[in-house]
file query-v5.txt (compact mmCIF, C-alpha atoms)
# COMPACT_ATOMS: atom_id res chain seq x y z
CA MET W 903 -11.12 -1.16 24.97
CA GLN W 904 -14.08 -0.34 22.74
CA PHE W 905 -15.12 -3.04 20.29
CA GLU W 906 -17.73 -0.96 18.51
CA HIS W 907 -17.22 1.72 15.89
CA SER W 908 -18.23 5.27 16.73
CA ASP W 909 -21.48 6.69 15.33
CA SER W 910 -19.42 8.77 12.89
CA ALA W 911 -17.49 5.72 11.69
CA LYS W 912 -20.71 3.74 11.28
CA ALA W 913 -22.11 6.50 9.09
CA TRP W 914 -19.02 6.42 6.88
CA ILE W 915 -19.18 2.62 6.69
CA GLU W 916 -22.81 2.80 5.59
CA ARG W 917 -22.04 5.40 2.92
CA VAL W 918 -19.09 3.52 1.45
CA SER W 919 -20.92 0.19 1.63
CA ARG W 920 -23.92 1.64 -0.18
CA PHE W 921 -21.69 3.16 -2.89
CA MET W 922 -19.95 -0.19 -3.37
CA ASP W 923 -23.31 -1.94 -3.74
CA ASP W 924 -24.84 0.68 -6.04
CA HIS W 925 -21.87 1.49 -8.26
CA VAL W 926 -18.65 -0.50 -7.78
CA TYR W 927 -19.85 -4.13 -7.80
CA PRO W 928 -22.12 -3.56 -10.83
CA ALA W 929 -19.18 -2.01 -12.70
CA ILE W 930 -16.91 -5.06 -12.43
CA PRO W 931 -17.97 -6.60 -15.79
CA THR W 932 -17.50 -3.24 -17.54
CA TYR W 933 -14.09 -2.79 -15.93
CA ASN W 934 -12.98 -6.25 -17.05
CA ALA W 935 -14.25 -5.67 -20.58
CA GLN W 936 -12.55 -2.29 -20.93
CA GLN W 937 -9.32 -3.66 -19.55
CA HIS W 938 -9.18 -6.20 -22.37
CA GLU W 939 -10.00 -3.73 -25.14
CA GLY W 940 -7.13 -2.17 -27.10
CA GLY W 941 -3.73 -1.58 -25.51
CA ARG W 942 -2.81 -2.44 -21.95
CA TRP W 943 -1.61 0.95 -20.69
CA LYS W 944 -4.58 3.28 -20.84
CA VAL W 945 -7.17 5.16 -18.81
CA LEU W 946 -10.33 3.13 -18.29
CA PRO W 947 -13.49 5.25 -18.82
CA VAL W 948 -15.47 3.30 -16.23
CA LEU W 949 -12.96 4.26 -13.53
CA GLU W 950 -13.20 7.94 -14.40
CA GLU W 951 -16.99 7.75 -14.28
CA LEU W 952 -16.93 6.04 -10.88
CA LYS W 953 -14.40 8.55 -9.54
CA ALA W 954 -16.65 11.44 -10.51
CA LYS W 955 -19.58 9.82 -8.70
CA ALA W 956 -17.49 9.12 -5.60
CA ARG W 957 -16.23 12.68 -5.44
CA GLU W 958 -19.74 14.04 -5.89
CA ALA W 959 -20.87 11.79 -3.03
CA GLY W 960 -18.12 13.18 -0.76
CA LEU W 961 -16.32 9.83 -0.63
CA TRP W 962 -12.92 11.16 -1.64
CA ASN W 963 -9.41 11.22 -0.15
CA MET W 964 -10.72 9.51 2.97
CA PHE W 965 -7.24 8.23 3.84
CA MET W 966 -5.89 11.76 4.44
CA PRO W 967 -5.16 12.06 8.17
CA PRO W 968 -6.39 14.92 10.31
CA SER W 969 -4.28 18.06 9.88
CA SER W 970 -1.24 17.93 12.13
CA GLY W 971 -0.13 21.49 11.72
CA HIS W 972 1.92 20.80 8.59
CA THR W 973 -0.83 21.99 6.24
CA PRO W 974 -1.05 25.77 5.84
CA VAL W 975 -4.39 27.53 5.82
CA ASP W 976 -5.12 28.66 2.28
CA ASP W 977 -8.07 30.46 0.73
CA THR W 978 -7.81 28.79 -2.66
CA PHE W 979 -7.19 25.14 -1.84
CA GLN W 980 -7.16 23.13 1.37
CA PHE W 981 -4.76 20.20 1.19
CA GLU W 982 -6.94 18.13 3.48
CA GLY W 983 -9.35 15.21 3.33
CA PRO W 984 -12.36 14.65 5.60
CA GLY W 985 -10.00 14.18 8.58
CA LEU W 986 -10.77 10.59 9.49
CA SER W 987 -8.57 8.84 12.02
CA ASN W 988 -6.77 5.60 11.12
CA LEU W 989 -9.32 3.73 13.23
CA GLU W 990 -12.20 5.32 11.33
CA TYR W 991 -10.58 4.72 7.95
CA ALA W 992 -9.76 1.04 8.59
CA PRO W 993 -13.24 -0.42 7.94
CA LEU W 994 -13.61 1.75 4.83
CA ALA W 995 -10.34 0.42 3.40
CA GLU W 996 -11.53 -3.10 4.19
CA LEU W 997 -14.66 -2.51 2.13
CA MET W 998 -12.53 -1.21 -0.75
CA GLY W 999 -10.27 -4.25 -0.51
CA ARG W 1000 -13.09 -6.52 -1.62
CA VAL W 1001 -12.66 -5.24 -5.21
CA GLY W 1002 -9.19 -4.74 -6.67
CA PHE W 1003 -9.83 -1.38 -8.33
CA ALA W 1004 -12.16 0.10 -5.68
CA SER W 1005 -9.55 2.08 -3.77
CA GLU W 1006 -8.78 4.11 -6.90
CA VAL W 1007 -12.47 4.95 -7.26
CA PHE W 1008 -12.25 6.86 -3.97
CA ASN W 1009 -8.78 8.31 -4.70
CA CYS W 1010 -7.42 6.13 -1.91
CA SER W 1011 -5.03 3.86 -3.81
CA ALA W 1012 -1.33 3.25 -3.42
CA PRO W 1013 1.20 4.61 -4.13
CA ASP W 1014 -0.69 7.91 -4.43
CA THR W 1015 -1.88 7.78 -0.83
CA GLY W 1016 1.65 7.59 0.59
CA ASN W 1017 2.96 10.17 -1.86
CA MET W 1018 0.17 12.60 -1.00
CA GLU W 1019 0.91 12.22 2.70
CA VAL W 1020 4.60 12.89 2.05
CA LEU W 1021 3.82 16.02 0.05
CA ASN W 1022 1.29 17.17 2.62
CA ARG W 1023 3.71 16.68 5.50
CA TYR W 1024 7.06 17.60 3.98
CA GLY W 1025 6.44 19.43 0.70
CA THR W 1026 7.01 23.14 0.13
CA ARG W 1027 4.10 25.30 -0.86
CA ALA W 1028 5.33 25.34 -4.46
CA GLN W 1029 5.59 21.52 -4.51
CA LYS W 1030 2.08 21.22 -3.15
CA ASP W 1031 0.70 23.65 -5.68
CA ARG W 1032 2.35 21.77 -8.54
CA TRP W 1033 1.71 18.16 -7.52
CA LEU W 1034 -0.43 17.69 -4.42
CA GLY W 1035 -3.46 19.58 -5.64
CA ALA W 1036 -3.58 17.59 -8.88
CA LEU W 1037 -3.14 14.30 -7.01
CA MET W 1038 -5.88 15.09 -4.53
CA ASN W 1039 -8.17 16.09 -7.38
CA GLY W 1040 -7.48 12.76 -9.10
CA GLU W 1041 -6.16 14.54 -12.19
CA ILE W 1042 -2.77 12.78 -12.19
CA ARG W 1043 -1.16 9.75 -10.60
CA SER W 1044 2.29 9.16 -9.10
CA ALA W 1045 4.95 6.54 -8.42
CA PHE W 1046 7.40 5.79 -5.61
CA LEU W 1047 10.89 4.71 -6.71
CA MET W 1048 12.86 3.06 -3.94
CA THR W 1049 13.61 -0.60 -4.74
CA GLU W 1050 16.57 -1.43 -6.99
CA PRO W 1051 17.39 -4.64 -8.92
CA GLY W 1052 21.11 -4.57 -8.19
CA VAL W 1053 21.00 -4.66 -4.38
CA ALA W 1054 19.06 -6.28 -1.52
CA SER W 1055 16.51 -3.53 -1.08
CA SER W 1056 15.12 -5.00 2.14
CA ASP W 1057 18.02 -3.00 3.62
CA ALA W 1058 17.40 0.48 2.24
CA THR W 1059 20.93 1.59 3.13
CA ASN W 1060 22.01 -0.53 0.15
CA ILE W 1061 20.34 1.86 -2.31
CA GLN W 1062 22.85 2.98 -4.93
CA CYS W 1063 20.93 5.53 -7.01
CA GLN W 1064 23.19 8.60 -7.25
CA MET W 1065 21.91 12.13 -6.68
CA ARG W 1066 24.82 14.44 -7.39
CA ARG W 1067 24.60 18.16 -6.77
CA ASP W 1068 25.60 20.26 -9.78
CA GLY W 1069 25.06 23.95 -9.11
CA ASP W 1070 21.34 24.56 -8.67
CA ASP W 1071 20.46 21.09 -9.98
CA TYR W 1072 20.63 17.45 -8.96
CA VAL W 1073 21.82 14.95 -11.55
CA ILE W 1074 20.33 11.51 -10.95
CA ASN W 1075 21.69 8.18 -12.16
CA GLY W 1076 20.36 4.79 -11.20
CA ARG W 1077 17.96 1.98 -11.94
CA LYS W 1078 14.72 1.30 -10.07
CA TRP W 1079 12.14 -1.43 -10.34
CA TRP W 1080 8.77 -2.41 -8.90
CA SER W 1081 7.85 1.22 -9.54
CA SER W 1082 4.14 0.61 -9.07
CA GLY W 1083 1.77 2.90 -10.93
CA ALA W 1084 4.33 4.10 -13.45
CA GLY W 1085 2.53 2.28 -16.26
CA ASP W 1086 -0.52 4.51 -16.01
CA PRO W 1087 -0.47 7.26 -18.65
CA ARG W 1088 -1.71 9.67 -15.98
CA CYS W 1089 1.41 9.06 -13.86
CA LYS W 1090 3.26 12.39 -14.00
CA VAL W 1091 5.59 12.49 -11.00
CA ALA W 1092 7.72 10.10 -8.93
CA ILE W 1093 9.21 10.39 -5.47
CA VAL W 1094 12.68 8.89 -5.80
CA MET W 1095 15.00 7.78 -3.01
CA GLY W 1096 18.74 7.87 -3.63
CA LYS W 1097 22.09 8.90 -2.19
CA THR W 1098 23.16 12.53 -2.02
CA ASP W 1099 26.03 11.86 0.42
CA PRO W 1100 27.54 8.36 -0.01
CA ASP W 1101 30.19 9.11 2.63
CA GLY W 1102 27.83 10.45 5.31
CA PRO W 1103 26.43 8.63 8.37
CA LYS W 1104 24.63 5.45 7.34
CA HIS W 1105 21.08 6.76 7.71
CA GLN W 1106 21.81 10.28 6.49
CA GLN W 1107 23.20 9.41 3.06
CA GLN W 1108 19.76 9.22 1.42
CA SER W 1109 17.45 11.95 0.19
CA MET W 1110 14.12 12.04 -1.62
CA LEU W 1111 13.50 14.03 -4.78
CA LEU W 1112 10.44 14.79 -6.87
CA ILE W 1113 11.09 13.88 -10.51
CA PRO W 1114 8.64 14.53 -13.36
CA LEU W 1115 8.29 11.31 -15.34
CA ASP W 1116 8.63 13.22 -18.60
CA ALA W 1117 12.05 14.58 -17.57
CA LYS W 1118 14.86 13.91 -20.01
CA GLY W 1119 16.75 10.73 -19.09
CA VAL W 1120 13.77 8.91 -17.51
CA THR W 1121 13.18 5.67 -19.44
CA ILE W 1122 10.47 3.16 -18.56
CA GLU W 1123 12.15 -0.02 -19.78
CA ARG W 1124 9.60 -2.74 -19.11
CA PRO W 1125 6.63 -3.80 -17.01
CA LEU W 1126 7.31 -6.52 -14.45
CA THR W 1127 4.71 -9.24 -14.08
CA VAL W 1128 3.51 -10.88 -10.87
CA PHE W 1129 2.94 -14.58 -11.59
CA GLY W 1130 2.24 -13.52 -15.18
CA PHE W 1131 -0.13 -10.63 -14.31
CA ASP W 1132 1.02 -7.23 -15.58
CA ASP W 1133 -1.47 -5.30 -13.40
CA ALA W 1134 -2.25 -2.97 -16.29
CA PRO W 1135 -3.05 -0.15 -16.47
CA HIS W 1136 -1.31 0.39 -13.12
CA GLY W 1137 1.79 -1.70 -13.67
CA HIS W 1138 5.10 -2.25 -11.89
CA MET W 1139 7.87 -0.82 -13.99
CA GLU W 1140 11.63 -1.06 -14.28
CA ILE W 1141 12.95 2.46 -14.83
CA GLU W 1142 16.35 3.76 -15.86
CA LEU W 1143 17.41 7.20 -14.62
CA LYS W 1144 20.29 8.46 -16.75
CA ASP W 1145 21.67 11.95 -16.15
CA VAL W 1146 18.23 13.16 -15.11
CA ARG W 1147 18.52 16.82 -14.16
CA VAL W 1148 16.07 18.50 -11.77
CA PRO W 1149 16.28 21.86 -9.93
CA VAL W 1150 17.17 21.50 -6.26
CA GLU W 1151 14.51 23.96 -5.12
CA GLU W 1152 11.73 22.17 -7.00
CA ALA W 1153 12.82 18.61 -6.30
CA LEU W 1154 14.22 18.24 -2.78
CA LEU W 1155 11.85 17.05 -0.08
CA LEU W 1156 12.47 18.23 3.50
CA GLY W 1157 16.27 18.39 3.19
CA GLU W 1158 19.38 16.50 2.18
CA GLY W 1159 20.05 13.38 4.17
CA ARG W 1160 16.46 13.09 5.39
CA GLY W 1161 15.28 10.38 3.02
CA PHE W 1162 15.18 7.72 5.72
CA GLU W 1163 13.16 9.97 7.96
CA ILE W 1164 10.61 10.52 5.19
CA ALA W 1165 10.53 6.81 4.33
CA GLN W 1166 9.71 5.82 7.89
CA GLY W 1167 6.93 8.40 8.03
CA ARG W 1168 5.55 7.23 4.70
CA LEU W 1169 5.73 3.46 5.06
CA GLY W 1170 3.91 3.12 8.40
CA PRO W 1171 0.50 4.29 7.16
CA GLY W 1172 1.04 2.57 3.81
CA ARG W 1173 1.67 -0.77 5.47
CA ILE W 1174 -1.51 -0.66 7.52
CA HIS W 1175 -3.60 0.54 4.57
CA HIS W 1176 -2.47 -2.57 2.65
CA CYS W 1177 -3.46 -4.72 5.62
CA MET W 1178 -6.90 -3.14 5.88
CA ARG W 1179 -7.58 -3.87 2.23
CA THR W 1180 -6.15 -7.38 2.60
CA ILE W 1181 -8.77 -8.21 5.22
CA GLY W 1182 -11.41 -7.16 2.70
CA ALA W 1183 -9.86 -9.44 0.08
CA ALA W 1184 -9.93 -12.31 2.55
CA GLU W 1185 -13.62 -11.67 3.28
CA ALA W 1186 -14.39 -11.67 -0.45
CA ALA W 1187 -12.52 -14.95 -0.91
CA LEU W 1188 -14.36 -16.59 1.99
CA GLU W 1189 -17.67 -15.43 0.54
CA ALA W 1190 -16.74 -16.89 -2.86
CA LEU W 1191 -15.69 -20.15 -1.20
CA CYS W 1192 -18.96 -20.53 0.72
CA LYS W 1193 -21.12 -19.76 -2.32
CA ARG W 1194 -19.19 -22.24 -4.42
CA ILE W 1195 -19.29 -25.24 -2.09
CA THR W 1196 -22.98 -24.81 -1.27
CA THR W 1197 -23.98 -24.85 -4.95
CA ARG W 1198 -21.72 -27.59 -6.36
CA VAL W 1199 -22.38 -31.31 -6.01
CA ALA W 1200 -19.65 -33.95 -5.91
CA PHE W 1201 -20.06 -37.66 -5.09
CA GLY W 1202 -23.76 -37.32 -4.44
CA LYS W 1203 -23.76 -34.33 -2.07
CA THR W 1204 -22.82 -30.68 -2.00
CA ILE W 1205 -19.15 -29.97 -1.49
CA ALA W 1206 -20.08 -28.21 1.77
CA GLU W 1207 -21.25 -31.56 3.17
CA HIS W 1208 -17.74 -32.96 2.90
CA SER W 1209 -16.45 -32.29 6.40
CA VAL W 1210 -13.02 -30.98 5.44
CA TRP W 1211 -14.65 -27.72 4.37
CA GLU W 1212 -16.16 -27.11 7.80
CA GLN W 1213 -12.67 -27.05 9.24
CA ARG W 1214 -11.37 -24.69 6.55
CA ILE W 1215 -14.29 -22.28 6.88
CA ALA W 1216 -14.01 -22.18 10.67
CA GLU W 1217 -10.29 -21.48 10.54
CA ALA W 1218 -10.85 -18.78 7.93
CA ARG W 1219 -13.40 -16.96 10.08
CA ILE W 1220 -11.17 -17.20 13.14
CA ASP W 1221 -8.17 -15.88 11.22
CA ILE W 1222 -10.08 -12.96 9.73
CA GLU W 1223 -11.48 -11.88 13.09
CA MET W 1224 -8.08 -12.09 14.81
CA ASN W 1225 -6.37 -10.11 12.07
CA ARG W 1226 -9.10 -7.48 11.97
CA LEU W 1227 -8.73 -6.90 15.71
CA LEU W 1228 -4.94 -6.62 15.43
CA CYS W 1229 -5.32 -4.21 12.53
CA LEU W 1230 -7.77 -2.05 14.48
CA LYS W 1231 -5.45 -2.09 17.48
CA ALA W 1232 -2.56 -0.91 15.32
CA ALA W 1233 -4.75 1.84 13.83
CA TYR W 1234 -5.88 2.92 17.29
CA MET W 1235 -2.31 3.09 18.58
CA MET W 1236 -1.23 5.12 15.55
CA ASP W 1237 -4.00 7.60 16.37
CA VAL W 1238 -3.37 7.95 20.09
CA ALA W 1239 0.36 7.28 20.45
CA GLY W 1240 1.84 7.88 17.00
CA ASN W 1241 3.38 5.69 14.31
CA LYS W 1242 6.68 5.26 16.15
CA VAL W 1243 5.04 3.84 19.27
CA ALA W 1244 2.76 1.65 17.14
CA LYS W 1245 5.62 0.22 15.07
CA ASN W 1246 5.41 -3.23 16.69
CA GLU W 1247 1.69 -3.55 16.02
CA ILE W 1248 2.17 -2.30 12.47
CA ALA W 1249 4.92 -4.88 11.92
CA MET W 1250 2.79 -7.69 13.35
CA ILE W 1251 -0.24 -6.99 11.18
CA LYS W 1252 1.99 -6.47 8.14
CA VAL W 1253 3.28 -10.04 8.59
CA SER W 1254 0.04 -11.65 9.67
CA ALA W 1255 -2.60 -10.18 7.33
CA PRO W 1256 -1.10 -11.26 3.98
CA ARG W 1257 -0.32 -14.75 5.29
CA MET W 1258 -3.89 -15.09 6.53
CA ALA W 1259 -5.43 -13.85 3.29
CA LEU W 1260 -3.25 -16.12 1.16
CA ARG W 1261 -4.42 -19.19 3.12
CA ILE W 1262 -8.07 -18.27 2.63
CA ILE W 1263 -7.69 -17.36 -1.04
CA ASP W 1264 -5.87 -20.65 -1.61
CA ASP W 1265 -8.77 -22.54 -0.03
CA ALA W 1266 -11.20 -20.59 -2.21
CA ILE W 1267 -9.17 -21.54 -5.28
CA GLN W 1268 -9.32 -25.19 -4.19
CA ALA W 1269 -13.08 -24.96 -3.76
CA HIS W 1270 -13.44 -23.69 -7.32
CA GLY W 1271 -11.32 -26.46 -8.80
CA GLY W 1272 -9.82 -25.65 -12.18
CA ALA W 1273 -11.93 -22.48 -12.38
CA GLY W 1274 -10.10 -21.13 -9.36
CA VAL W 1275 -6.82 -20.74 -11.20
CA SER W 1276 -8.48 -19.23 -14.28
CA GLN W 1277 -9.26 -15.58 -14.95
CA ASP W 1278 -13.01 -16.08 -14.45
CA PHE W 1279 -13.24 -15.61 -10.68
CA GLY W 1280 -10.36 -13.25 -9.92
CA LEU W 1281 -8.98 -15.49 -7.20
CA ALA W 1282 -5.68 -16.20 -8.95
CA LYS W 1283 -5.08 -12.49 -9.51
CA SER W 1284 -6.01 -11.71 -5.91
CA TYR W 1285 -3.55 -14.36 -4.70
CA ALA W 1286 -0.78 -12.96 -6.91
CA GLY W 1287 -1.35 -9.40 -5.72
CA ILE W 1288 -1.42 -10.24 -2.04
CA ARG W 1289 1.60 -12.51 -2.33
CA THR W 1290 3.62 -9.41 -3.23
CA LEU W 1291 2.66 -7.86 0.13
CA ARG W 1292 4.93 -10.34 1.89
CA LEU W 1293 7.74 -8.46 0.10
CA ALA W 1294 6.45 -4.92 -0.43
CA ASP W 1295 7.12 -2.28 2.25
CA GLY W 1296 9.63 -4.63 3.85
CA PRO W 1297 9.69 -8.46 3.65
CA ASP W 1298 8.28 -10.64 6.42
CA GLU W 1299 11.76 -11.43 7.70
CA VAL W 1300 12.60 -7.77 8.36
CA HIS W 1301 9.36 -7.18 10.25
CA CYS W 1302 9.73 -10.43 12.22
CA ARG W 1303 13.25 -9.42 13.21
CA ALA W 1304 11.98 -6.07 14.46
CA ILE W 1305 9.22 -7.78 16.46
CA ALA W 1306 11.68 -10.26 17.95
CA LEU W 1307 14.22 -7.58 18.91
CA ASN W 1308 11.49 -5.56 20.56
CA GLU W 1309 10.45 -8.64 22.54
CA LEU W 1310 14.01 -9.51 23.56
CA SER W 1311 14.70 -5.92 24.62
CA LYS W 1312 12.19 -6.44 27.45
CA TYR W 1313 14.78 -8.78 28.96
CA GLY W 1314 17.76 -6.49 28.53
CA TRP W 1315 19.11 -8.23 25.42
CA SER W 1316 20.42 -6.56 22.30
CA PRO W 1317 22.36 -7.87 19.28
CA ARG W 1318 25.41 -5.82 20.31
CA ARG W 1319 25.52 -7.33 23.80
CA LYS W 1320 25.12 -10.82 22.38
CA LYS W 1321 28.08 -10.30 20.07
CA GLU W 1322 30.17 -9.25 23.05
CA GLY W 1323 29.47 -12.58 24.68
CA GLU W 1324 26.96 -11.47 27.30
CA SER W 1325 24.29 -14.08 27.89
CA LEU W 1326 20.60 -13.34 27.99
CA PRO W 1327 19.60 -12.21 31.51
CA GLY W 1328 17.83 -15.02 33.28
CA ALA W 1329 19.01 -17.68 30.81
CA ARG W 1330 20.32 -20.97 32.17
call {"tool": "encode", "arguments": {"input": "query-v5.txt", "output": "structure tokens"}}
result
Amino acid sequence: MQFEHSDSAKAWIERVSRFMDDHVYPAIPTYNAQQHEGGRWKVLPVLEELKAKAREAGLWNMFMPPSSGHTPVDDTFQFEGPGLSNLEYAPLAELMGRVGFASEVFNCSAPDTGNMEVLNRYGTRAQKDRWLGALMNGEIRSAFLMTEPGVASSDATNIQCQMRRDGDDYVINGRKWWSSGAGDPRCKVAIVMGKTDPDGPKHQQQSMLLIPLDAKGVTIERPLTVFGFDDAPHGHMEIELKDVRVPVEEALLLGEGRGFEIAQGRLGPGRIHHCMRTIGAAEAALEALCKRITTRVAFGKTIAEHSVWEQRIAEARIDIEMNRLLCLKAAYMMDVAGNKVAKNEIAMIKVSAPRMALRIIDDAIQAHGGAGVSQDFGLAKSYAGIRTLRLADGPDEVHCRAIALNELSKYGWSPRRKKEGESLPGAR
């Protein structure tokens, strides 16, 4: 196994790192100031300025995977990014993860990344022309509507949103929440998962539709907060869909009953992208911790000289390095064997990375004392955002169950056989 990035990856790392140093970090005070001016749900000028610079520098849509044959050759617009592998993109996402808004600067932020991949892989040419081009150009934003307040959405078969066929249209009725990104005034389209065939086989009842957010019957009811943070101007919205009518030809992705198939293809890359950025957030927190305890004096000596911090710093560095290696392994396996084969590694890093980052951010908060829970250092907001990752894209418990079942299958055990009374082979 290679433990060194390729020359190409190193070049990309250097370019993104230099852009972060020259443009993103210096823009943080301006971003914070603009975010607190006027209303909450708005376009921030500093972000648009940074996006223009990033695109001019060729640091744009770097998450887009190499073409897999789904993308047609076209003379007017290529629906492709620079073609980086997951392994090459991982360190770039980590760099972006050090600043909350950085991924948007490079047009690499969720949920747009997953939605663009869905459109690129499964969309018709007309759907790509209408939505994908604008998303890849950074002209609009998008949302992904899957989770529902009325059911346990960790089991997506519980989804109740109705998608009834009426002639050449679908009529959609349901309620969604945690619709991230829907608060942005640039958010123009949502990919919505619901049931087109409630009586069909369990995993073929669901479909995915493209719904313009300005369609009649779409009502954004309220923003949901995360530990009091509204994450404006991005936001996480509760949305009512009442008799929303969309044309079948324009709306349907891939085919009826294929929503689960699309979801599995979408969520794998999205999960690992979150983990890559989470490692960056952990690095930023450890840096803040070390700077704080080496410059503050308590009881006659710097905080760093109190031995408890040596233990915490050592454990933080160990945890970051272990999680980075697991993340890179998962990315490598996705590249060489595919997302389905890499599902165990993806599940493991999805559980481990947020837990690791939360421990380190919590220690950084402790090192800052009362300032750590204030808005001045961004640690409280970072903690709140990463805490959601233990729920988003599947809660820890679902991923741990998948990991455990995969492990037990090596010994010939399955839940069905256990229910039938068959003991685990080799058990005493």
call {"tool": "closest_residue", "arguments": {"input": "query-v5.txt", "among": "W:Thr1059, W:Gly1052, W:Ser1082, W:Lys953", "to": "Gly1040 in chain W", "atoms": "all atoms listed in the file"}}
result
W:Lys953
call {"tool": "residues_around", "arguments": {"input": "query-v5.txt", "residues": "Glu1309 in chain W", "least_positions_apart": "6", "cutoff": "10 Å", "atoms": "all atoms listed in the file", "output": "PyMOL selection string"}}
result
chain W and resi 1246+1303+1315
call {"tool": "axis_aligned_box", "arguments": {"input": "query-v5.txt", "around": "range 983-995 of chain W", "padding_each_side": "8 Å", "output": "lines of an AutoDock Vina configuration file"}}
result
center_x = -10.2
center_y = 7.4
center_z = 8.3
size_x = 22.8
size_y = 31.6
size_z = 25.9
call {"tool": "closest_residue", "arguments": {"input": "query-v5.txt", "among": "W:Val1073, W:Ile1042, W:Ala1004, W:Val945", "to": "Ile930 in chain W", "atoms": "only C-alpha atoms"}}
result
W:Ala1004
call {"tool": "residues_around", "arguments": {"input": "query-v5.txt", "residues": "Glu1019 in chain W", "least_positions_apart": "4", "cutoff": "10 Å", "atoms": "only C-alpha atoms", "output": "list of chain:residue names"}}
result
W:Phe965, W:Met966, W:Pro967, W:Phe981, W:Glu982, W:Asp1014, W:Thr1015, W:Arg1023, W:Tyr1024, W:Gly1025, W:Leu1034, W:Gly1167, W:Arg1168, W:Pro1171, W:Gly1172
call {"tool": "atom_distance", "arguments": {"input": "query-v5.txt", "atom1": "CA of Leu1191 in chain W", "atom2": "CA of Leu1293 in chain W"}}
result
26.2 Å
call {"tool": "residues_around", "arguments": {"input": "query-v5.txt", "residues": "Ala1187 in chain W", "least_positions_apart": "2", "cutoff": "6 Å", "atoms": "all atoms listed in the file", "output": "tab-separated table (two decimals) with C-alpha atoms, in the coordinates of the input"}}
result
chain	number	residue	atom	x	y	z
W	1184	ALA	CA	-9.93	-12.31	2.55
W	1185	GLU	CA	-13.62	-11.67	3.28
W	1189	GLU	CA	-17.67	-15.43	0.54
W	1190	ALA	CA	-16.74	-16.89	-2.86
W	1263	ILE	CA	-7.69	-17.36	-1.04
W	1266	ALA	CA	-11.20	-20.59	-2.21
call {"tool": "closest_residue", "arguments": {"input": "query-v5.txt", "among": "W:Ala1012, W:Ala959, W:Met922, W:Met1095", "to": "Glu1050 in chain W", "atoms": "all atoms listed in the file"}}
result
W:Met1095
call {"tool": "atom_distance", "arguments": {"input": "query-v5.txt", "atom1": "CA of Lys1245 in chain W", "atom2": "CA of Ala1218 in chain W"}}
result
26.1 Å
call {"tool": "closest_residue", "arguments": {"input": "query-v5.txt", "among": "W:Arg1173, W:Lys1193, W:Lys1312, W:Arg1257", "to": "Asp1295 in chain W", "atoms": "all atoms listed in the file"}}
result
W:Arg1173
call {"tool": "residues_around", "arguments": {"input": "query-v5.txt", "residues": "His1175 in chain W", "least_positions_apart": "6", "cutoff": "10 Å", "atoms": "only C-alpha atoms", "output": "PDB file with C-alpha atoms, in the frame of the given file"}}
result
ATOM      1  CA  PHE W 965      -7.240   8.230   3.840  1.00  0.00           C
ATOM      2  CA  ASN W 988      -6.770   5.600  11.120  1.00  0.00           C
ATOM      3  CA  TYR W 991     -10.580   4.720   7.950  1.00  0.00           C
ATOM      4  CA  ALA W 992      -9.760   1.040   8.590  1.00  0.00           C
ATOM      5  CA  ALA W 995     -10.340   0.420   3.400  1.00  0.00           C
ATOM      6  CA  GLU W 996     -11.530  -3.100   4.190  1.00  0.00           C
ATOM      7  CA  GLY W 999     -10.270  -4.250  -0.510  1.00  0.00           C
ATOM      8  CA  CYS W1010      -7.420   6.130  -1.910  1.00  0.00           C
ATOM      9  CA  SER W1011      -5.030   3.860  -3.810  1.00  0.00           C
ATOM     10  CA  ALA W1012      -1.330   3.250  -3.420  1.00  0.00           C
ATOM     11  CA  THR W1015      -1.880   7.780  -0.830  1.00  0.00           C
ATOM     12  CA  GLY W1016       1.650   7.590   0.590  1.00  0.00           C
ATOM     13  CA  LEU W1169       5.730   3.460   5.060  1.00  0.00           C
ATOM     14  CA  CYS W1229      -5.320  -4.210  12.530  1.00  0.00           C
ATOM     15  CA  ALA W1233      -4.750   1.840  13.830  1.00  0.00           C
ATOM     16  CA  LYS W1252       1.990  -6.470   8.140  1.00  0.00           C
TER      17      LYS W1252
END
call {"tool": "atom_distance", "arguments": {"input": "query-v5.txt", "atom1": "CA of Asn1060 in chain W", "atom2": "CA of Asn1017 in chain W"}}
result
21.9 Å
call {"tool": "decode", "arguments": {"input": "query-v5.txt", "residues": "range 1301-1315 of chain W", "atoms": "C-alpha atoms", "output": "PDB file, in the first residue's frame"}}
result
ATOM      1  CA  HIS W1301     -23.860   1.779  10.006  1.00  0.00           C
ATOM      2  CA  CYS W1302     -22.658  -0.214  13.031  1.00  0.00           C
ATOM      3  CA  ARG W1303     -25.304  -2.846  12.339  1.00  0.00           C
ATOM      4  CA  ALA W1304     -24.123  -3.131   8.740  1.00  0.00           C
ATOM      5  CA  ILE W1305     -20.506  -3.477   9.877  1.00  0.00           C
ATOM      6  CA  ALA W1306     -21.444  -6.122  12.449  1.00  0.00           C
ATOM      7  CA  LEU W1307     -23.536  -8.148   9.993  1.00  0.00           C
ATOM      8  CA  ASN W1308     -20.703  -8.079   7.492  1.00  0.00           C
ATOM      9  CA  GLU W1309     -18.333  -9.348  10.181  1.00  0.00           C
ATOM     10  CA  LEU W1310     -20.705 -12.088  11.343  1.00  0.00           C
ATOM     11  CA  SER W1311     -21.316 -13.221   7.758  1.00  0.00           C
ATOM     12  CA  LYS W1312     -17.681 -14.368   7.664  1.00  0.00           C
ATOM     13  CA  TYR W1313     -18.741 -17.086  10.102  1.00  0.00           C
ATOM     14  CA  GLY W1314     -21.845 -18.165   8.236  1.00  0.00           C
ATOM     15  CA  TRP W1315     -24.284 -16.273  10.470  1.00  0.00           C
TER      16      TRP W1315
END
